[in-house]
$ cat upload.tsv   # TSV, C-alpha atoms
chain	number	residue	atom	x	y	z
A	1	MET	CA	-101.02	-45.83	34.35
A	2	THR	CA	-97.35	-44.94	34.48
A	3	ALA	CA	-95.01	-47.45	32.90
A	4	ALA	CA	-92.32	-48.84	35.20
A	5	SER	CA	-88.67	-48.31	34.34
A	6	PRO	CA	-86.95	-51.15	32.45
A	7	ASN	CA	-86.45	-54.21	34.69
A	8	SER	CA	-88.90	-52.73	37.22
A	9	GLN	CA	-92.31	-53.86	38.36
A	10	SER	CA	-95.03	-51.28	38.97
A	11	LEU	CA	-96.59	-51.86	42.40
A	12	LEU	CA	-98.87	-48.81	42.48
A	13	ASP	CA	-99.86	-46.34	39.81
A	14	ALA	CA	-101.06	-42.79	40.58
A	15	ASP	CA	-104.58	-44.01	41.41
A	16	GLY	CA	-103.15	-46.71	43.67
A	17	VAL	CA	-101.03	-44.16	45.54
A	18	ALA	CA	-104.09	-41.94	46.01
A	19	ARG	CA	-106.19	-44.88	47.30
A	20	ALA	CA	-103.42	-45.94	49.69
A	21	LEU	CA	-103.17	-42.40	51.08
A	22	ASP	CA	-106.97	-42.21	51.40
A	23	ASP	CA	-106.94	-45.50	53.33
A	24	LEU	CA	-104.08	-44.32	55.58
A	25	ALA	CA	-105.91	-41.07	56.37
A	26	ALA	CA	-109.15	-42.93	57.08
A	27	THR	CA	-107.40	-45.33	59.46
A	28	ILE	CA	-105.64	-42.48	61.29
A	29	ALA	CA	-108.97	-40.61	61.58
A	30	ALA	CA	-110.62	-43.77	62.94
A	31	ASP	CA	-107.92	-44.05	65.62
A	32	PHE	CA	-108.38	-40.36	66.51
A	33	PRO	CA	-112.09	-39.63	65.91
A	34	THR	CA	-111.75	-36.44	67.96
A	35	PRO	CA	-108.19	-35.35	67.27
A	36	PRO	CA	-106.31	-33.84	70.18
A	37	ASP	CA	-105.16	-30.24	69.78
A	38	THR	CA	-101.61	-31.58	69.99
A	39	LEU	CA	-101.99	-33.88	66.95
A	40	MET	CA	-99.10	-33.28	64.55
A	41	LEU	CA	-98.14	-34.93	61.27
A	42	LEU	CA	-94.36	-35.04	61.05
A	43	GLY	CA	-92.80	-36.01	57.72
A	44	ILE	CA	-89.25	-37.33	57.35
A	45	ARG	CA	-87.42	-35.55	54.53
A	46	THR	CA	-87.84	-35.95	51.57
A	47	ARG	CA	-90.73	-38.10	50.45
A	48	GLY	CA	-92.02	-38.57	53.99
A	49	VAL	CA	-92.71	-34.83	53.96
A	50	THR	CA	-94.63	-35.08	50.69
A	51	MET	CA	-96.59	-38.01	52.09
A	52	ALA	CA	-97.32	-36.11	55.33
A	53	ASP	CA	-98.48	-33.09	53.32
A	54	ARG	CA	-100.94	-35.22	51.38
A	55	LEU	CA	-102.20	-36.90	54.56
A	56	HIS	CA	-102.43	-33.46	56.15
A	57	GLU	CA	-104.80	-32.26	53.41
A	58	ARG	CA	-106.98	-35.35	53.76
A	59	LEU	CA	-107.15	-35.16	57.55
A	60	GLN	CA	-107.98	-31.45	57.55
A	61	LYS	CA	-110.89	-32.16	55.18
A	62	HIS	CA	-112.03	-35.04	57.38
A	63	TYR	CA	-111.83	-33.08	60.64
A	64	GLY	CA	-112.96	-29.76	59.19
A	65	ARG	CA	-110.19	-27.95	61.04
A	66	ALA	CA	-106.46	-27.32	60.97
A	67	VAL	CA	-104.06	-30.14	61.78
A	68	ALA	CA	-100.45	-29.30	62.66
A	69	PHE	CA	-97.80	-30.29	60.10
A	70	GLY	CA	-94.02	-30.38	60.53
A	71	THR	CA	-90.87	-31.71	58.91
A	72	LEU	CA	-87.99	-33.73	60.26
A	73	ASP	CA	-84.48	-33.79	58.81
A	74	ILE	CA	-82.69	-36.77	60.34
A	75	THR	CA	-79.39	-36.26	58.51
A	76	LEU	CA	-77.32	-35.65	61.64
A	77	TYR	CA	-78.98	-38.57	63.45
A	78	ARG	CA	-78.16	-41.23	60.84
A	79	ASP	CA	-75.96	-44.07	62.11
A	80	ASP	CA	-74.16	-44.14	58.73
A	81	LEU	CA	-73.32	-40.42	58.64
A	82	SER	CA	-69.57	-41.13	58.67
A	83	GLU	CA	-69.97	-43.44	55.66
A	84	LEU	CA	-71.62	-40.86	53.41
A	85	LYS	CA	-69.32	-39.90	50.54
A	86	ASN	CA	-70.63	-36.40	49.94
A	87	GLN	CA	-71.04	-33.61	52.44
A	88	PRO	CA	-74.57	-34.08	53.77
A	89	ILE	CA	-77.05	-31.27	53.22
A	90	VAL	CA	-78.95	-30.43	56.40
A	91	ARG	CA	-82.19	-28.57	55.80
A	92	GLY	CA	-83.41	-28.52	59.38
A	93	SER	CA	-86.52	-29.67	61.15
A	94	GLU	CA	-89.65	-27.61	61.69
A	95	PHE	CA	-92.20	-28.18	64.44
A	96	PRO	CA	-95.41	-26.11	64.44
A	97	HIS	CA	-95.70	-26.48	68.22
A	98	ASP	CA	-93.92	-28.05	71.18
A	99	VAL	CA	-93.50	-31.83	71.01
A	100	ASP	CA	-93.91	-32.21	74.79
A	101	GLY	CA	-97.20	-34.05	75.27
A	102	ALA	CA	-97.92	-34.07	71.52
A	103	VAL	CA	-99.54	-36.88	69.58
A	104	LEU	CA	-97.21	-37.38	66.61
A	105	ILE	CA	-97.92	-39.23	63.39
A	106	LEU	CA	-94.45	-39.80	61.93
A	107	THR	CA	-94.50	-40.44	58.17
A	108	ASP	CA	-92.05	-41.95	55.72
A	109	ASP	CA	-92.51	-43.33	52.22
A	110	VAL	CA	-90.82	-46.72	52.72
A	111	ILE	CA	-89.87	-48.65	55.83
A	112	TYR	CA	-87.02	-51.09	55.41
A	113	THR	CA	-84.47	-51.76	58.17
A	114	GLY	CA	-86.04	-49.41	60.74
A	115	ARG	CA	-82.86	-47.35	61.07
A	116	THR	CA	-84.41	-44.21	59.59
A	117	ILE	CA	-87.28	-44.37	62.06
A	118	ARG	CA	-84.89	-44.95	64.97
A	119	ALA	CA	-82.95	-41.85	63.91
A	120	ALA	CA	-86.21	-39.87	63.65
A	121	MET	CA	-87.26	-40.87	67.16
A	122	ASP	CA	-83.81	-39.97	68.51
A	123	GLU	CA	-84.21	-36.49	67.06
A	124	ILE	CA	-87.79	-36.08	68.28
A	125	VAL	CA	-86.88	-36.85	71.90
A	126	ASP	CA	-84.09	-34.29	71.71
A	127	TYR	CA	-86.86	-31.71	71.25
A	128	GLY	CA	-89.15	-33.03	73.98
A	129	ARG	CA	-91.27	-35.90	75.23
A	130	PRO	CA	-94.32	-36.60	73.07
A	131	LYS	CA	-97.38	-38.30	74.53
A	132	LEU	CA	-97.17	-40.90	71.76
A	133	ILE	CA	-95.65	-41.49	68.36
A	134	ARG	CA	-97.40	-43.49	65.65
A	135	LEU	CA	-95.76	-44.45	62.37
A	136	ALA	CA	-97.37	-44.24	58.93
A	137	CYS	CA	-95.54	-45.61	55.87
A	138	LEU	CA	-96.74	-45.86	52.31
A	139	VAL	CA	-94.78	-49.09	51.70
A	140	ASP	CA	-93.46	-51.74	54.11
A	141	ARG	CA	-90.87	-53.83	52.31
A	142	GLY	CA	-89.75	-55.94	55.29
A	143	HIS	CA	-86.20	-56.91	56.28
A	144	ARG	CA	-86.22	-55.06	59.61
A	145	GLU	CA	-82.95	-54.76	61.56
A	146	TYR	CA	-84.60	-52.93	64.48
A	147	PRO	CA	-87.83	-53.94	66.24
A	148	ILE	CA	-89.81	-51.08	64.70
A	149	GLN	CA	-93.13	-51.65	62.95
A	150	PRO	CA	-95.49	-49.14	61.31
A	151	ASP	CA	-98.94	-48.55	62.77
A	152	TYR	CA	-100.36	-47.54	59.39
A	153	VAL	CA	-99.27	-49.07	56.06
A	154	GLY	CA	-100.53	-48.42	52.55
A	155	LEU	CA	-98.87	-51.46	50.92
A	156	ARG	CA	-96.90	-54.42	52.24
A	157	VAL	CA	-94.65	-56.06	49.69
A	158	GLU	CA	-92.23	-58.95	49.94
A	159	THR	CA	-88.82	-58.02	48.62
A	160	THR	CA	-85.35	-59.48	48.43
A	161	LEU	CA	-82.22	-57.75	49.66
A	162	ASP	CA	-81.12	-57.10	46.06
A	163	GLN	CA	-84.26	-55.10	45.25
A	164	VAL	CA	-85.23	-51.49	45.89
A	165	VAL	CA	-88.66	-49.91	46.34
A	166	LYS	CA	-88.93	-46.49	44.71
A	167	VAL	CA	-91.81	-44.22	45.67
A	168	LYS	CA	-92.48	-41.36	43.28
A	169	PHE	CA	-94.56	-38.31	44.10
A	170	ALA	CA	-95.46	-35.68	41.50
A	171	GLU	CA	-94.09	-32.92	43.75
A	172	ASP	CA	-90.65	-34.54	43.89
A	173	ASP	CA	-90.48	-36.72	40.78
A	174	GLY	CA	-93.03	-35.41	38.29
A	175	GLU	CA	-95.38	-38.42	38.69
A	176	ASP	CA	-96.94	-40.69	41.30
A	177	GLY	CA	-96.16	-44.37	41.54
A	178	VAL	CA	-94.34	-47.14	43.37
A	179	GLU	CA	-91.86	-49.45	41.64
A	180	LEU	CA	-89.90	-52.52	42.67
A	181	SER	CA	-86.62	-52.90	40.81
A	182	PRO	CA	-83.19	-54.51	41.08
A	183	LYS	CA	-80.47	-52.53	42.92

$ encode --input "upload.tsv" --output "structure tokens"
Amino acid sequence: MTAASPNSQSLLDADGVARALDDLAATIAADFPTPPDTLMLLGIRTRGVTMADRLHERLQKHYGRAVAFGTLDITLYRDDLSELKNQPIVRGSEFPHDVDGAVLILTDDVIYTGRTIRAAMDEIVDYGRPKLIRLACLVDRGHREYPIQPDYVGLRVETTLDQVVKVKFAEDDGEDGVELSPK
């Protein structure tokens, strides 16, 4: 088990992250027992992409066939873009096929205010009109400002406004885990 940083509380260790992702994949597969050809996992940069990649592997094993996987960079769609101090780095979005009529599973590591997801949906509809969009998040920490709720959640945790939830993935951070800590 990975030790949390000082003044932090460990919410999930590496095994907990793996179990949460297994449960998310199983729930998605249950909702789509015969996945449509247009099914696409779409991860929001950065850790939403890592999460989508891991779900992608699990779903491909479950279905025994390829599942489309793409990435979404919402930088230019953020409502706080003018408030960012540094020049934002835009890495672009990648869609493996047309989003018109697609069944999208949008993924992000943590849902908080809902603003990130709103920005993601704004970008998606600029590319086309999906049949439906479902949202998968590893952690739901509450405090929504927009009426956006995830369809699939690995962990729900009550937080205060002066706390932060940090998701760590080995690919991005060298280890897996979820911590709750003061801002």

$ residues_around --input "upload.tsv" --residues "range 154-170 of chain A" --least-positions-apart "4" --cutoff "6 Å" --atoms "only C-alpha atoms" --output "list in words"
Ala20, Leu138, Val139, Asp140, Arg141, Gly174, Glu175, Asp176, Gly177, Val178, Glu179, Leu180, Ser181, Pro182 and Lys183 of chain A

$ residues_around --input "upload.tsv" --residues "Thr46 in chain A" --least-positions-apart "3" --cutoff "10 Å" --atoms "all atoms listed in the file" --output "list in words"
Gly43, Val49, Thr50, Met51, Thr71, Leu72, Asp73, Asp108, Asp109 and Asp172 of chain A

$ residues_around --input "upload.tsv" --residues "Ile117 in chain A" --least-positions-apart "6" --cutoff "9 Å" --atoms "only C-alpha atoms" --output "ChimeraX atom specification"
/A:44,106,108,111,135,148

$ atom_distance --input "upload.tsv" --atom1 "CA of Gly16 in chain A" --atom2 "CA of Gly64 in chain A"
25.0 Å

$ atom_distance --input "upload.tsv" --atom1 "CA of Asp122 in chain A" --atom2 "CA of Tyr77 in chain A"
7.1 Å

$ atom_distance --input "upload.tsv" --atom1 "CA of Asp15 in chain A" --atom2 "CA of Ile28 in chain A"
20.0 Å

$ residues_around --input "upload.tsv" --residues "Gly128 in chain A" --least-positions-apart "2" --cutoff "10 Å" --atoms "only C-alpha atoms" --output "ChimeraX atom specification"
/A:98-102,123-126,130-131

$ closest_residue --input "upload.tsv" --among "A:Arg19, A:Arg144, A:His97, A:Lys61" --to "Leu42 in chain A" --atoms "all atoms listed in the file"
A:His97

$ closest_residue --input "upload.tsv" --among "A:Ala68, A:Leu132, A:Ala120, A:Leu59" --to "Ala26 in chain A" --atoms "all atoms listed in the file"
A:Leu59

$ closest_residue --input "upload.tsv" --among "A:Asp173, A:Val67, A:Val110, A:Thr116" --to "Thr38 in chain A" --atoms "only C-alpha atoms"
A:Val67

$ residues_around --input "upload.tsv" --residues "Glu57 in chain A" --least-positions-apart "6" --cutoff "10 Å" --atoms "all atoms listed in the file" --output "list in words"
Ala25, Ala66, Val67 and Phe69 of chain A

$ write_last_selection --input "upload.tsv" --atoms "C-alpha atoms" --output "mmCIF file, in the coordinates of the input"
data_model
loop_
_atom_site.group_PDB
_atom_site.id
_atom_site.type_symbol
_atom_site.label_atom_id
_atom_site.label_comp_id
_atom_site.auth_asym_id
_atom_site.auth_seq_id
_atom_site.Cartn_x
_atom_site.Cartn_y
_atom_site.Cartn_z
ATOM 1 C CA ALA A 25 -105.910 -41.070 56.370
ATOM 2 C CA ALA A 66 -106.460 -27.320 60.970
ATOM 3 C CA VAL A 67 -104.060 -30.140 61.780
ATOM 4 C CA PHE A 69 -97.800 -30.290 60.100
#

$ closest_residue --input "upload.tsv" --among "A:His62, A:Ala14, A:His143, A:Gly92" --to "Leu76 in chain A" --atoms "all atoms listed in the file"
A:Gly92
